[in-house]
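Structure first, commentary second.
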Amino acid sequence: MHMRTKKWAKPELAVCPYFTDEAESLRGRWRERFPKDQPLYLELGCGKGVSTAAMVYDQPSVNFVAMDITCNVLGDTRRNIAATFGDKPVENVMIARYDIAYIHNVFAPEDRIERIYINFCNPWTKRPKYAKRRLTHPRQLMQYRDFLVDGGEIWFKTDDMPLFTESLQYFDACGFEMRYLVNDLHASGFAPNYVSEHEQKFSSLGVPIKFVIFRKKSGPVEIDPVRWVMPGAFARLRNAEAED
Ligand SMILES: C[S@@+](CC[C@H](N)C(=O)[O-])C[C@H]1O[C@@H](n2cnc3c(N)ncnc32)[C@H](O)[C@@H]1O
């Protein structure tokens with residue numbers, strides 16, 4: 001789906017003190033970027049930041065980095081944060097524009113990320129070979145492992161069942177242990193849950209929201225994230241390609 005360019009987004013972000021288009025320059029120094037030294041959480045693919053704004057406002061004792069690839073949505077993230085904070089200074093969030101496929105260039109182990117949120121990432125289910133673009137694919141998880149502290153968590157929500165079940169295998173292969181899982185988050189009573197734009201859309205259509213928390217296990221993980229294929233997935237991939 002093509003989104004119309006929002007002409008106001010880039011100029012507003014350019015003068016926003018809590019936006020950066022130079023995320024790589026902060027690698028290893030993200031903690032210094034915030035006035036308070038406190039836990040650092042990361043939201044990947046934050047979109048318009050509907051839930052980000054509420055989450056950041058509610059947790060002043062946590063610093064956040066909210067990341068997306070396009071200023072088109074980050075302009076809305078900034079506006080949502082500004083509207084939520086009102087007259088209060090915004091000190092515990094940085095908005096960063098970056099392609100998460102290369103996130104190892106942005107965060108280092110010294111950044112000591114304690115939690116990552118992935119909400120409704122693109123499912124990439126149309127063709128098996130597209131799965132490697134998922135923000136939960138081993139290509140990504142193995143990058144996150146490097147800068148996530150031991151015991152650090154990834155909180156993942158989606159409406160998409162194939163993405164969800166396959167992601168469970170990705171996490172398992174990449175040295176993460178499951179701490180919590182629900183197939184219907186809104187019926188589960190889990191709180192607090194900050195409802196994102198896509199979450200609102202899918203749940204209003206009656207689609208149950210799948211939610212899981214994984215914890216990073218310590219120690220080395222011996223997988224090649226580029227060549228890794230899910231058990232059974234290779235055959236499906238070959239069949240699908242043959243049909244092309
Ligand atoms: C389906 S939207 C979900 C937005 C929001 N998290 C929500 O739940 O409403 C996926 C978001 O991920 C972003 N995204 C996808 N691939 C990305 C990448 N490689 N790097 C950064 N952002 C990405 C998109 O721009 C989009 O805003």
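Chain lettering (A, B, ...) mirrors the order of the structure tokens, residue numbering begins at 1 for each chain separately, and ligand numbering begins at 1 in order of display.
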Give me the residues of chain A that have any atom at most 7 Å from an atom of ligand 1; for each, the nearest atom pair and the distance in Å, rounded to one decimal. Use only C-alpha atoms and all ligand atoms, sort by chain and number, and format it as JSON lines.
```
{"residue": "A:Leu44", "atom": "CA", "partner": "ligand 1", "partner_atom_place_in_ligand_line": "22 (N)", "distance": 6.5}
{"residue": "A:Gly45", "atom": "CA", "partner": "ligand 1", "partner_atom_place_in_ligand_line": "12 (O)", "distance": 3.5}
{"residue": "A:Cys46", "atom": "CA", "partner": "ligand 1", "partner_atom_place_in_ligand_line": "6 (N)", "distance": 4.1}
{"residue": "A:Gly47", "atom": "CA", "partner": "ligand 1", "partner_atom_place_in_ligand_line": "27 (O)", "distance": 3.4}
{"residue": "A:Lys48", "atom": "CA", "partner": "ligand 1", "partner_atom_place_in_ligand_line": "5 (C)", "distance": 6.5}
{"residue": "A:Gly49", "atom": "CA", "partner": "ligand 1", "partner_atom_place_in_ligand_line": "5 (C)", "distance": 6.8}
{"residue": "A:Met67", "atom": "CA", "partner": "ligand 1", "partner_atom_place_in_ligand_line": "21 (C)", "distance": 6.3}
{"residue": "A:Asp68", "atom": "CA", "partner": "ligand 1", "partner_atom_place_in_ligand_line": "22 (N)", "distance": 3.7}
{"residue": "A:Ile69", "atom": "CA", "partner": "ligand 1", "partner_atom_place_in_ligand_line": "21 (C)", "distance": 3.7}
{"residue": "A:Thr70", "atom": "CA", "partner": "ligand 1", "partner_atom_place_in_ligand_line": "25 (O)", "distance": 5.7}
{"residue": "A:Val73", "atom": "CA", "partner": "ligand 1", "partner_atom_place_in_ligand_line": "27 (O)", "distance": 6.2}
{"residue": "A:Tyr98", "atom": "CA", "partner": "ligand 1", "partner_atom_place_in_ligand_line": "21 (C)", "distance": 5.6}
{"residue": "A:Asp99", "atom": "CA", "partner": "ligand 1", "partner_atom_place_in_ligand_line": "20 (N)", "distance": 3.6}
{"residue": "A:Ile100", "atom": "CA", "partner": "ligand 1", "partner_atom_place_in_ligand_line": "20 (N)", "distance": 3.8}
{"residue": "A:Ala101", "atom": "CA", "partner": "ligand 1", "partner_atom_place_in_ligand_line": "19 (N)", "distance": 5.0}
{"residue": "A:Ile118", "atom": "CA", "partner": "ligand 1", "partner_atom_place_in_ligand_line": "6 (N)", "distance": 6.7}
{"residue": "A:Asn119", "atom": "CA", "partner": "ligand 1", "partner_atom_place_in_ligand_line": "6 (N)", "distance": 4.4}
{"residue": "A:Phe120", "atom": "CA", "partner": "ligand 1", "partner_atom_place_in_ligand_line": "8 (O)", "distance": 4.5}
{"residue": "A:Cys121", "atom": "CA", "partner": "ligand 1", "partner_atom_place_in_ligand_line": "10 (C)", "distance": 4.5}
{"residue": "A:Asn122", "atom": "CA", "partner": "ligand 1", "partner_atom_place_in_ligand_line": "1 (C)", "distance": 5.0}
{"residue": "A:Ser196", "atom": "CA", "partner": "ligand 1", "partner_atom_place_in_ligand_line": "9 (O)", "distance": 4.5}
{"residue": "A:Glu197", "atom": "CA", "partner": "ligand 1", "partner_atom_place_in_ligand_line": "9 (O)", "distance": 3.8}
{"residue": "A:His198", "atom": "CA", "partner": "ligand 1", "partner_atom_place_in_ligand_line": "9 (O)", "distance": 3.8}
{"residue": "A:Glu199", "atom": "CA", "partner": "ligand 1", "partner_atom_place_in_ligand_line": "8 (O)", "distance": 5.7}
```
If you keep N, CA and C atoms, can you produce a file of those selected residues as a short mmCIF file (atom, residue, chain, number, x, y, z; two decimals), in the first residue's frame?
```cif
data_model
loop_
_atom_site.label_atom_id
_atom_site.label_comp_id
_atom_site.auth_asym_id
_atom_site.auth_seq_id
_atom_site.Cartn_x
_atom_site.Cartn_y
_atom_site.Cartn_z
N LEU A 44 11.05 -1.57 17.80
CA LEU A 44 11.42 -1.72 16.39
C LEU A 44 10.20 -1.66 15.50
N GLY A 45 10.23 -0.78 14.50
CA GLY A 45 9.08 -0.64 13.60
C GLY A 45 7.92 -0.02 14.34
N CYS A 46 8.17 1.15 14.96
CA CYS A 46 7.17 1.76 15.85
C CYS A 46 5.98 2.34 15.09
N GLY A 47 6.12 2.50 13.75
CA GLY A 47 5.02 3.08 12.98
C GLY A 47 4.72 4.49 13.48
N LYS A 48 3.45 4.80 13.60
CA LYS A 48 3.05 6.16 13.98
C LYS A 48 3.16 6.43 15.48
N GLY A 49 3.60 5.43 16.22
CA GLY A 49 3.91 5.65 17.63
C GLY A 49 2.70 5.84 18.52
N MET A 67 12.20 3.18 16.76
CA MET A 67 12.86 3.18 15.45
C MET A 67 11.90 2.77 14.33
N ASP A 68 12.04 3.46 13.21
CA ASP A 68 11.31 3.05 12.00
C ASP A 68 12.13 3.51 10.80
N ILE A 69 11.75 3.00 9.64
CA ILE A 69 12.56 3.26 8.44
C ILE A 69 12.16 4.55 7.73
N THR A 70 10.96 5.05 8.03
CA THR A 70 10.49 6.19 7.25
C THR A 70 10.02 7.37 8.11
N VAL A 73 6.11 8.01 8.87
CA VAL A 73 5.41 7.58 10.09
C VAL A 73 6.03 8.22 11.33
N TYR A 98 15.93 4.52 10.76
CA TYR A 98 16.99 3.60 10.35
C TYR A 98 16.36 2.33 9.78
N ASP A 99 17.12 1.66 8.89
CA ASP A 99 16.70 0.36 8.37
C ASP A 99 17.18 -0.73 9.32
N ILE A 100 16.25 -1.35 10.00
CA ILE A 100 16.56 -2.31 11.07
C ILE A 100 17.33 -3.53 10.54
N ALA A 101 17.28 -3.75 9.24
CA ALA A 101 18.05 -4.87 8.66
C ALA A 101 19.54 -4.74 9.00
N ILE A 118 8.60 -5.61 19.53
CA ILE A 118 8.31 -5.74 18.09
C ILE A 118 6.80 -5.91 17.97
N ASN A 119 6.14 -4.88 17.48
CA ASN A 119 4.67 -4.91 17.41
C ASN A 119 4.21 -4.93 15.97
N PHE A 120 3.57 -6.02 15.57
CA PHE A 120 2.91 -6.10 14.26
C PHE A 120 3.87 -5.80 13.11
N CYS A 121 5.03 -6.43 13.17
CA CYS A 121 5.97 -6.26 12.06
C CYS A 121 5.36 -6.87 10.80
N ASN A 122 5.82 -6.43 9.65
CA ASN A 122 5.29 -6.95 8.39
C ASN A 122 5.47 -8.47 8.37
N SER A 196 -1.35 -0.63 19.95
CA SER A 196 -0.77 0.08 18.80
C SER A 196 -1.85 0.31 17.73
N GLU A 197 -1.47 1.08 16.72
CA GLU A 197 -2.42 1.37 15.65
C GLU A 197 -2.89 0.08 14.96
N HIS A 198 -1.95 -0.81 14.61
CA HIS A 198 -2.33 -2.05 13.94
C HIS A 198 -3.08 -2.99 14.88
N GLU A 199 -2.73 -2.97 16.13
CA GLU A 199 -3.42 -3.81 17.12
C GLU A 199 -4.89 -3.39 17.22
#
```
- Message: Residues near range 3-12 of chain A, anyone? I mean within 9 Å using only C-alpha atoms, not counting same-chain ones fewer than 6 positions away, as a ChimeraX atom specification.
- Response: /A:71-76,78-79
Take the residues that were just selected and, keeping C-alpha atoms, output them as a PDB file, in the first residue's frame.
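Wrote it out as out_22.pdb, contents follow:
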```
ATOM      1  CA  CYS A  71      10.016   9.806   8.350  1.00  0.00           C
ATOM      2  CA  ASN A  72       6.475   9.540   7.011  1.00  0.00           C
ATOM      3  CA  VAL A  73       5.409   7.580  10.092  1.00  0.00           C
ATOM      4  CA  LEU A  74       7.989   9.027  12.497  1.00  0.00           C
ATOM      5  CA  GLY A  75       6.465  12.471  11.939  1.00  0.00           C
ATOM      6  CA  ASP A  76       3.287  11.081  13.512  1.00  0.00           C
ATOM      7  CA  ARG A  78       6.766  12.827  17.166  1.00  0.00           C
ATOM      8  CA  ARG A  79       3.351  14.468  17.114  1.00  0.00           C
TER       9      ARG A  79
END
```
- Task: Extract, using only C-alpha atoms, all DNA, RNA and protein residues at most 9 Å from Leu168 in chain A, discarding same-chain residues fewer than 4 positions from it, and format them as a list in words.
- Result: Leu163, Phe164, Asp172, Ala173, Met178 and Val212 of chain A
- Item | Spatial neighbours of Ser203 in chain A, max dist 9 Å, only C-alpha atoms, sep filter under 5 positions, as number ranges by chain | A: 159, 186, 198, 208-209
- Task: Mind listing the helix (DSSP H, G or I) residues of range 29-147 of chain A, per DSSP on the backbone, as a PyMOL selection string?
- Result: chain A and resi 30-33+50-58+71-85+100-105+109-111+128-133+138-147
- Of the residues A:Phe214, A:Tyr130, A:Tyr194, A:Phe156, which is the one nearest to Glu177 in chain A, using only C-alpha atoms? A:Phe214
Surrounding residues of Arg134 in chain A excluding itself and chain neighbours under 3 positions, 7 Å, only C-alpha atoms, as a short mmCIF file (atom, residue, chain, number, x, y, z; two decimals) with N, CA and C atoms, in the first residue's frame:
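Generated file (selection-v5.cif):
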```cif
data_model
loop_
_atom_site.label_atom_id
_atom_site.label_comp_id
_atom_site.auth_asym_id
_atom_site.auth_seq_id
_atom_site.Cartn_x
_atom_site.Cartn_y
_atom_site.Cartn_z
N ASN A 122 5.82 -6.43 9.65
CA ASN A 122 5.29 -6.95 8.39
C ASN A 122 5.47 -8.47 8.37
N PRO A 123 4.40 -9.23 8.08
CA PRO A 123 4.51 -10.70 8.19
C PRO A 123 5.28 -11.37 7.05
N TRP A 124 5.35 -10.73 5.88
CA TRP A 124 6.10 -11.30 4.75
C TRP A 124 5.74 -12.76 4.52
N ALA A 131 10.56 -14.48 3.91
CA ALA A 131 10.57 -14.59 5.38
C ALA A 131 11.82 -13.98 6.00
N HIS A 137 13.16 -12.70 12.11
CA HIS A 137 13.95 -13.77 11.47
C HIS A 137 15.31 -13.91 12.16
#
```
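Around Ile113 in chain A, within 6 Å and counting only C-alpha atoms, the residues found are Leu40, Tyr41 and Leu148 of chain A, once anything fewer than 3 positions away on its own chain is removed.
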Just N, CA, C and O atoms for this one: save the residues we selected as a short mmCIF file (atom, residue, chain, number, x, y, z; two decimals), in the first residue's frame.
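Output below, filename again-v4.cif:
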```cif
data_model
loop_
_atom_site.label_atom_id
_atom_site.label_comp_id
_atom_site.auth_asym_id
_atom_site.auth_seq_id
_atom_site.Cartn_x
_atom_site.Cartn_y
_atom_site.Cartn_z
N LEU A 40 17.35 0.86 29.33
CA LEU A 40 17.13 1.31 27.95
C LEU A 40 16.36 0.24 27.18
O LEU A 40 16.83 -0.91 27.07
N TYR A 41 15.18 0.60 26.68
CA TYR A 41 14.34 -0.29 25.89
C TYR A 41 14.27 0.24 24.46
O TYR A 41 14.41 1.45 24.22
N LEU A 148 21.62 -7.02 23.26
CA LEU A 148 20.66 -7.28 24.35
C LEU A 148 21.43 -7.89 25.52
O LEU A 148 22.26 -8.78 25.31
#
```
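Proximity ranking of A:Ile95, A:Val106, A:Ala187, A:Ser51 relative to Cys16 in chain A places A:Ile95 first, based on only C-alpha atoms.
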